[in-house]
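Asks: What follows is protein-v4.cif; its format and atoms are mmCIF, C-alpha atoms.
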data_input
#
loop_
_atom_site.group_PDB
_atom_site.id
_atom_site.type_symbol
_atom_site.label_atom_id
_atom_site.label_comp_id
_atom_site.auth_asym_id
_atom_site.auth_seq_id
_atom_site.Cartn_x
_atom_site.Cartn_y
_atom_site.Cartn_z
ATOM 1 C CA MET Z 83 34.207 -72.916 61.089
ATOM 2 C CA GLU Z 84 33.689 -72.072 64.680
ATOM 3 C CA GLY Z 85 36.842 -69.960 64.878
ATOM 4 C CA GLU Z 86 35.527 -67.625 62.167
ATOM 5 C CA GLU Z 87 32.096 -67.054 63.691
ATOM 6 C CA HIS Z 88 33.048 -63.478 64.586
ATOM 7 C CA LEU Z 89 33.469 -62.805 60.862
ATOM 8 C CA SER Z 90 30.103 -64.219 59.837
ATOM 9 C CA ARG Z 91 27.993 -62.626 62.580
ATOM 10 C CA LEU Z 92 27.971 -59.040 63.629
ATOM 11 C CA PRO Z 93 26.027 -56.766 65.940
ATOM 12 C CA PHE Z 94 23.539 -54.422 64.320
ATOM 13 C CA SER Z 95 25.608 -51.351 65.270
ATOM 14 C CA SER Z 96 28.736 -52.849 63.675
ATOM 15 C CA MET Z 97 26.840 -53.557 60.473
ATOM 16 C CA ILE Z 98 25.594 -49.965 60.378
ATOM 17 C CA ASP Z 99 29.137 -48.669 60.893
ATOM 18 C CA GLU Z 100 30.379 -50.911 58.068
ATOM 19 C CA ILE Z 101 27.696 -49.512 55.746
ATOM 20 C CA LEU Z 102 28.189 -45.834 56.608
ATOM 21 C CA THR Z 103 31.993 -45.621 56.823
ATOM 22 C CA PRO Z 104 32.774 -45.596 53.068
ATOM 23 C CA HIS Z 105 30.336 -42.709 52.533
ATOM 24 C CA ARG Z 106 31.751 -40.440 55.240
ATOM 25 C CA GLN Z 107 34.637 -39.296 53.028
ATOM 26 C CA PHE Z 108 32.455 -36.906 51.034
ATOM 27 C CA ASP Z 109 31.341 -33.374 51.875
ATOM 28 C CA ILE Z 110 27.951 -34.603 53.054
ATOM 29 C CA ASP Z 111 27.358 -34.934 56.801
ATOM 30 C CA ILE Z 112 26.002 -38.374 57.680
ATOM 31 C CA LYS Z 113 24.162 -38.229 60.998
ATOM 32 C CA LEU Z 114 23.486 -41.510 62.770
ATOM 33 C CA VAL Z 115 20.466 -41.421 65.080
ATOM 34 C CA GLU Z 116 20.209 -44.562 67.203
ATOM 35 C CA GLN Z 117 16.747 -44.680 68.767
ATOM 36 C CA SER Z 118 17.403 -47.908 70.657
ATOM 37 C CA PRO Z 119 20.159 -48.734 73.125
ATOM 38 C CA LYS Z 120 22.944 -51.054 72.015
ATOM 39 C CA ALA Z 121 22.021 -53.383 74.845
ATOM 40 C CA HIS Z 122 20.063 -56.279 73.365
ATOM 41 C CA GLU Z 123 20.784 -55.177 69.818
ATOM 42 C CA PRO Z 124 20.264 -57.802 67.120
ATOM 43 C CA ILE Z 125 23.191 -59.995 66.109
ATOM 44 C CA TRP Z 126 22.914 -60.651 62.385
ATOM 45 C CA ASN Z 127 24.555 -63.149 60.141
ATOM 46 C CA ARG Z 128 26.701 -61.246 57.663
ATOM 47 C CA ASN Z 129 24.614 -60.910 54.532
ATOM 48 C CA ALA Z 130 26.242 -59.441 51.427
ATOM 49 C CA GLY Z 131 22.812 -58.609 49.987
ATOM 50 C CA ILE Z 132 21.872 -56.472 52.986
ATOM 51 C CA LEU Z 133 25.266 -54.773 53.049
ATOM 52 C CA TYR Z 134 25.114 -54.033 49.321
ATOM 53 C CA GLY Z 135 21.448 -52.988 49.357
ATOM 54 C CA LEU Z 136 21.778 -50.578 52.267
ATOM 55 C CA GLY Z 137 25.103 -49.295 50.957
ATOM 56 C CA ASN Z 138 23.482 -48.500 47.620
ATOM 57 C CA LEU Z 139 20.633 -46.606 49.301
ATOM 58 C CA VAL Z 140 23.103 -44.591 51.392
ATOM 59 C CA GLU Z 141 25.181 -43.852 48.280
ATOM 60 C CA ASN Z 142 22.083 -42.547 46.483
ATOM 61 C CA ALA Z 143 21.178 -40.383 49.475
ATOM 62 C CA VAL Z 144 24.702 -38.932 49.600
ATOM 63 C CA ASP Z 145 24.615 -38.279 45.841
ATOM 64 C CA PHE Z 146 21.389 -36.261 46.088
ATOM 65 C CA ALA Z 147 21.883 -34.588 49.470
ATOM 66 C CA ARG Z 148 22.697 -30.920 49.684
ATOM 67 C CA LYS Z 149 24.360 -31.043 53.099
ATOM 68 C CA GLU Z 150 23.261 -34.057 55.131
ATOM 69 C CA VAL Z 151 21.932 -37.575 55.268
ATOM 70 C CA ILE Z 152 20.154 -38.772 58.407
ATOM 71 C CA PHE Z 153 20.390 -42.511 59.059
ATOM 72 C CA THR Z 154 18.026 -43.547 61.862
ATOM 73 C CA THR Z 155 17.996 -47.007 63.426
ATOM 74 C CA TYR Z 156 15.508 -48.661 65.736
ATOM 75 C CA HIS Z 157 15.111 -52.137 67.156
ATOM 76 C CA ASP Z 158 12.899 -53.815 69.696
ATOM 77 C CA ALA Z 159 11.867 -57.410 70.403
ATOM 78 C CA GLU Z 160 9.651 -57.529 67.285
ATOM 79 C CA ARG Z 161 11.294 -55.478 64.574
ATOM 80 C CA VAL Z 162 14.412 -53.804 63.243
ATOM 81 C CA ALA Z 163 14.039 -50.592 61.249
ATOM 82 C CA ILE Z 164 16.232 -48.155 59.362
ATOM 83 C CA THR Z 165 15.203 -44.828 57.876
ATOM 84 C CA ILE Z 166 17.465 -43.014 55.422
ATOM 85 C CA GLU Z 167 16.671 -39.362 54.732
ATOM 86 C CA ASP Z 168 18.483 -36.756 52.678
ATOM 87 C CA ASP Z 169 17.992 -33.023 52.328
ATOM 88 C CA GLY Z 170 18.021 -33.063 48.532
ATOM 89 C CA PRO Z 171 15.132 -32.388 46.183
ATOM 90 C CA GLY Z 172 13.305 -35.642 46.907
ATOM 91 C CA PHE Z 173 11.603 -38.050 44.550
ATOM 92 C CA ALA Z 174 9.602 -36.608 41.671
ATOM 93 C CA PRO Z 175 5.913 -37.097 42.580
ATOM 94 C CA ASP Z 176 5.019 -38.756 39.280
ATOM 95 C CA VAL Z 177 7.551 -41.575 39.749
ATOM 96 C CA LEU Z 178 7.119 -42.396 43.445
ATOM 97 C CA ALA Z 179 4.705 -45.191 42.550
ATOM 98 C CA HIS Z 180 7.372 -46.763 40.325
ATOM 99 C CA ILE Z 181 10.464 -46.349 42.509
ATOM 100 C CA GLY Z 182 12.410 -49.563 42.656
ATOM 101 C CA GLU Z 183 11.243 -50.870 39.301
ATOM 102 C CA PRO Z 184 14.009 -51.475 36.773
ATOM 103 C CA TYR Z 185 14.527 -48.654 34.266
ATOM 104 C CA MET Z 186 12.199 -46.340 36.154
ATOM 105 C CA SER Z 187 14.187 -44.007 38.360
ATOM 106 C CA LYS Z 188 13.903 -40.291 37.861
ATOM 107 C CA ARG Z 189 14.734 -38.058 40.710
ATOM 108 C CA SER Z 190 14.710 -34.336 40.293
ATOM 109 C CA ARG Z 191 17.926 -32.532 41.174
ATOM 110 C CA GLU Z 192 16.939 -28.889 41.175
ATOM 111 C CA ASN Z 193 15.647 -28.422 37.608
ATOM 112 C CA GLU Z 194 17.499 -31.344 36.088
ATOM 113 C CA THR Z 195 16.517 -34.955 35.851
ATOM 114 C CA ALA Z 196 19.045 -37.117 37.633
ATOM 115 C CA GLY Z 197 19.375 -40.819 37.889
ATOM 116 C CA GLY Z 198 20.104 -43.464 35.377
ATOM 117 C CA LEU Z 199 18.210 -46.578 34.538
ATOM 118 C CA GLY Z 200 17.161 -47.245 38.114
ATOM 119 C CA LEU Z 201 18.772 -50.656 38.001
ATOM 120 C CA GLY Z 202 20.908 -50.068 41.126
ATOM 121 C CA LEU Z 203 17.853 -49.100 43.158
ATOM 122 C CA PHE Z 204 15.940 -52.076 41.770
ATOM 123 C CA ILE Z 205 18.759 -54.462 42.748
ATOM 124 C CA ALA Z 206 19.078 -52.930 46.233
ATOM 125 C CA LYS Z 207 15.328 -53.179 46.798
ATOM 126 C CA THR Z 208 15.242 -56.776 45.563
ATOM 127 C CA LEU Z 209 18.164 -57.855 47.753
ATOM 128 C CA LEU Z 210 16.660 -56.246 50.845
ATOM 129 C CA GLU Z 211 13.235 -57.766 50.187
ATOM 130 C CA ARG Z 212 14.850 -61.198 49.820
ATOM 131 C CA SER Z 213 16.258 -60.745 53.325
ATOM 132 C CA GLY Z 214 12.707 -60.269 54.642
ATOM 133 C CA ALA Z 215 12.631 -56.453 54.573
ATOM 134 C CA SER Z 216 9.777 -54.246 53.507
ATOM 135 C CA LEU Z 217 10.640 -50.861 51.983
ATOM 136 C CA ARG Z 218 8.669 -47.626 51.771
ATOM 137 C CA PHE Z 219 9.821 -44.755 49.545
ATOM 138 C CA SER Z 220 8.503 -41.253 50.162
ATOM 139 C CA ASN Z 221 9.478 -37.631 50.439
ATOM 140 C CA ARG Z 222 10.151 -35.999 53.774
ATOM 141 C CA ASP Z 223 7.233 -34.252 55.433
ATOM 142 C CA GLY Z 224 6.923 -30.678 56.537
ATOM 143 C CA ARG Z 225 9.499 -27.982 55.953
ATOM 144 C CA SER Z 226 12.341 -30.306 55.026
ATOM 145 C CA SER Z 227 12.778 -31.310 51.432
ATOM 146 C CA GLY Z 228 14.371 -34.582 50.502
ATOM 147 C CA ALA Z 229 13.761 -38.266 50.111
ATOM 148 C CA ARG Z 230 12.946 -40.824 52.789
ATOM 149 C CA ILE Z 231 13.373 -44.584 52.596
ATOM 150 C CA HIS Z 232 12.098 -46.716 55.450
ATOM 151 C CA ILE Z 233 13.324 -50.320 55.658
ATOM 152 C CA GLU Z 234 11.916 -52.743 58.216
ATOM 153 C CA TRP Z 235 12.478 -56.404 59.062
ATOM 154 C CA PRO Z 236 10.791 -58.719 61.519
ATOM 155 C CA ARG Z 237 13.527 -59.205 64.101
ATOM 156 C CA ALA Z 238 13.017 -62.967 64.047
ATOM 157 C CA ALA Z 239 13.872 -63.046 60.333
ATOM 158 C CA MET Z 240 17.180 -61.330 60.989
ATOM 159 C CA GLU Z 241 18.177 -63.534 63.897
ATOM 160 C CA ARG Z 242 16.817 -66.837 62.615
ATOM 161 C CA ASP Z 243 20.213 -68.537 62.253
ATOM 162 C CA THR Z 244 21.783 -67.222 65.438
#
Would you write out, as structure tokens, the structure that this file holds?

Replies:
Amino acid sequence: MEGEEHLSRLPFSSMIDEILTPHRQFDIDIKLVEQSPKAHEPIWNRNAGILYGLGNLVENAVDFARKEVIFTTYHDAERVAITIEDDGPGFAPDVLAHIGEPYMSKRSRENETAGGLGLGLFIAKTLLERSGASLRFSNRDGRSSGARIHIEWPRAAMERDT
């Protein structure tokens, strides 16, 4: 379907916009930090798993953020990376080693335990890993509280069918 190629492939920046747009309607400021120029950005085949997985991670960040979510993108000839950070309470230290496992998601929201079964995070992580991504979960460093998720792909894996 040559005439529909524009629907099945999209530039990295367009994919990011598609992921972030539904979450901008809340009272949380979503800041996009693009560390690489749009020139020579990756062109990806539309992948529902990536869209769902990243969308789920952004939704979680918005749910736990106090005021803002920072979504940072980077790409070069070798890799494509996204970091999602929120200014919420962060991941509870005792569960960081288990983040992304089914039924094991506890994230402290002030003095309460928030989060359900962890199944959404498990599915998002699994879908992103199937696309070739590696994920790292941590808490933000320094003065800023909050969670950080770093997702990285080999660029060749993302552009393999282009």

Asks: Identify all residues satisfying the PyMOL selection byres ((chain Z and resi 151-168) around 10) in the given file; provide them as an MDAnalysis selection string.

Replies: chainID Z and resid 94:95 98 102 110:120 122:124 136 139:150 169:172 215:222 226:240

Asks: In Å to one decimal, how far is CA of Ile181 (chain Z) from CA of Phe204 (chain Z)?

Replies: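 Separation between CA of Phe204 (chain Z) and CA of Ile181 (chain Z): 8.0 Å.
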
Asks: Name the residues in contact with Leu133 (chain Z) at a cut-off of 10 Å, using all atoms listed in the file, excluding same-chain residues fewer than 3 positions from it; report them as a PyMOL selection string.

Replies: chain Z and resi 97-98+100-101+128-130+136-138+206+209-210

Asks: How many Å separate CA of Pro93 (chain Z) from CA of Ile125 (chain Z)?

Replies: 4.3 Å

Asks: Would you mind reading off the distance between CA of Ala179 (chain Z) and CA of Gly131 (chain Z), one decimal, in Å?

Replies: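 Calculated distance between CA of Ala179 (chain Z) and CA of Gly131 (chain Z) is 23.7 Å.
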
Asks: For Gly202 (chain Z), which residue out of Z:Asp223, Z:Phe173, Z:Gly135, Z:Thr103 is the nearest one, using all atoms listed in the file?

Replies: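 The answer is Z:Gly135, which sits nearest to Gly202 (chain Z).
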
Asks: Can I get region 88-114 of chain Z with N, CA and C atoms filled in, as a JSON list (two decimals), keeping the file's coordinate frame?

Replies:
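That gives us result34.json:
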[["chain", "number", "residue", "atom", "x", "y", "z"],
["Z", 88, "HIS", "N", 33.06, -64.93, 64.42],
["Z", 88, "HIS", "CA", 33.05, -63.48, 64.59],
["Z", 88, "HIS", "C", 33.07, -62.74, 63.24],
["Z", 89, "LEU", "N", 33.47, -63.42, 62.18],
["Z", 89, "LEU", "CA", 33.47, -62.80, 60.86],
["Z", 89, "LEU", "C", 32.12, -62.94, 60.16],
["Z", 90, "SER", "N", 31.37, -63.98, 60.52],
["Z", 90, "SER", "CA", 30.10, -64.22, 59.84],
["Z", 90, "SER", "C", 28.91, -63.61, 60.56],
["Z", 91, "ARG", "N", 29.07, -63.24, 61.80],
["Z", 91, "ARG", "CA", 27.99, -62.63, 62.58],
["Z", 91, "ARG", "C", 28.46, -61.28, 63.09],
["Z", 92, "LEU", "N", 27.57, -60.33, 63.11],
["Z", 92, "LEU", "CA", 27.97, -59.04, 63.63],
["Z", 92, "LEU", "C", 26.79, -58.33, 64.27],
["Z", 93, "PRO", "N", 27.08, -57.55, 65.31],
["Z", 93, "PRO", "CA", 26.03, -56.77, 65.94],
["Z", 93, "PRO", "C", 25.47, -55.73, 64.97],
["Z", 94, "PHE", "N", 24.23, -55.39, 65.15],
["Z", 94, "PHE", "CA", 23.54, -54.42, 64.32],
["Z", 94, "PHE", "C", 24.34, -53.13, 64.19],
["Z", 95, "SER", "N", 24.86, -52.61, 65.31],
["Z", 95, "SER", "CA", 25.61, -51.35, 65.27],
["Z", 95, "SER", "C", 26.89, -51.48, 64.45],
["Z", 96, "SER", "N", 27.53, -52.63, 64.47],
["Z", 96, "SER", "CA", 28.74, -52.85, 63.68],
["Z", 96, "SER", "C", 28.40, -52.89, 62.19],
["Z", 97, "MET", "N", 27.27, -53.51, 61.87],
["Z", 97, "MET", "CA", 26.84, -53.56, 60.47],
["Z", 97, "MET", "C", 26.56, -52.14, 59.96],
["Z", 98, "ILE", "N", 25.91, -51.34, 60.77],
["Z", 98, "ILE", "CA", 25.59, -49.96, 60.38],
["Z", 98, "ILE", "C", 26.89, -49.19, 60.15],
["Z", 99, "ASP", "N", 27.85, -49.35, 61.04],
["Z", 99, "ASP", "CA", 29.14, -48.67, 60.89],
["Z", 99, "ASP", "C", 29.82, -49.10, 59.60],
["Z", 100, "GLU", "N", 29.76, -50.38, 59.29],
["Z", 100, "GLU", "CA", 30.38, -50.91, 58.07],
["Z", 100, "GLU", "C", 29.71, -50.32, 56.82],
["Z", 101, "ILE", "N", 28.42, -50.08, 56.88],
["Z", 101, "ILE", "CA", 27.70, -49.51, 55.75],
["Z", 101, "ILE", "C", 28.00, -48.02, 55.58],
["Z", 102, "LEU", "N", 28.04, -47.29, 56.68],
["Z", 102, "LEU", "CA", 28.19, -45.83, 56.61],
["Z", 102, "LEU", "C", 29.62, -45.36, 56.37],
["Z", 103, "THR", "N", 30.60, -46.08, 56.87],
["Z", 103, "THR", "CA", 31.99, -45.62, 56.82],
["Z", 103, "THR", "C", 32.47, -45.22, 55.43],
["Z", 104, "PRO", "N", 32.25, -46.01, 54.38],
["Z", 104, "PRO", "CA", 32.77, -45.60, 53.07],
["Z", 104, "PRO", "C", 32.16, -44.30, 52.52],
["Z", 105, "HIS", "N", 31.03, -43.89, 53.05],
["Z", 105, "HIS", "CA", 30.34, -42.71, 52.53],
["Z", 105, "HIS", "C", 30.64, -41.45, 53.34],
["Z", 106, "ARG", "N", 31.42, -41.58, 54.38],
["Z", 106, "ARG", "CA", 31.75, -40.44, 55.24],
["Z", 106, "ARG", "C", 32.89, -39.59, 54.67],
["Z", 107, "GLN", "N", 33.50, -40.02, 53.59],
["Z", 107, "GLN", "CA", 34.64, -39.30, 53.03],
["Z", 107, "GLN", "C", 34.22, -38.16, 52.10],
["Z", 108, "PHE", "N", 32.93, -37.95, 51.92],
["Z", 108, "PHE", "CA", 32.46, -36.91, 51.03],
["Z", 108, "PHE", "C", 32.08, -35.67, 51.85],
["Z", 109, "ASP", "N", 31.68, -34.63, 51.19],
["Z", 109, "ASP", "CA", 31.34, -33.37, 51.88],
["Z", 109, "ASP", "C", 29.93, -33.36, 52.44],
["Z", 110, "ILE", "N", 29.30, -34.50, 52.52],
["Z", 110, "ILE", "CA", 27.95, -34.60, 53.05],
["Z", 110, "ILE", "C", 28.05, -35.15, 54.47],
["Z", 111, "ASP", "N", 27.37, -34.49, 55.40],
["Z", 111, "ASP", "CA", 27.36, -34.93, 56.80],
["Z", 111, "ASP", "C", 26.38, -36.09, 56.95],
["Z", 112, "ILE", "N", 26.87, -37.22, 57.43],
["Z", 112, "ILE", "CA", 26.00, -38.37, 57.68],
["Z", 112, "ILE", "C", 25.77, -38.44, 59.19],
["Z", 113, "LYS", "N", 24.52, -38.20, 59.58],
["Z", 113, "LYS", "CA", 24.16, -38.23, 61.00],
["Z", 113, "LYS", "C", 23.52, -39.57, 61.32],
["Z", 114, "LEU", "N", 24.05, -40.24, 62.31],
["Z", 114, "LEU", "CA", 23.49, -41.51, 62.77],
["Z", 114, "LEU", "C", 22.66, -41.23, 64.01]]
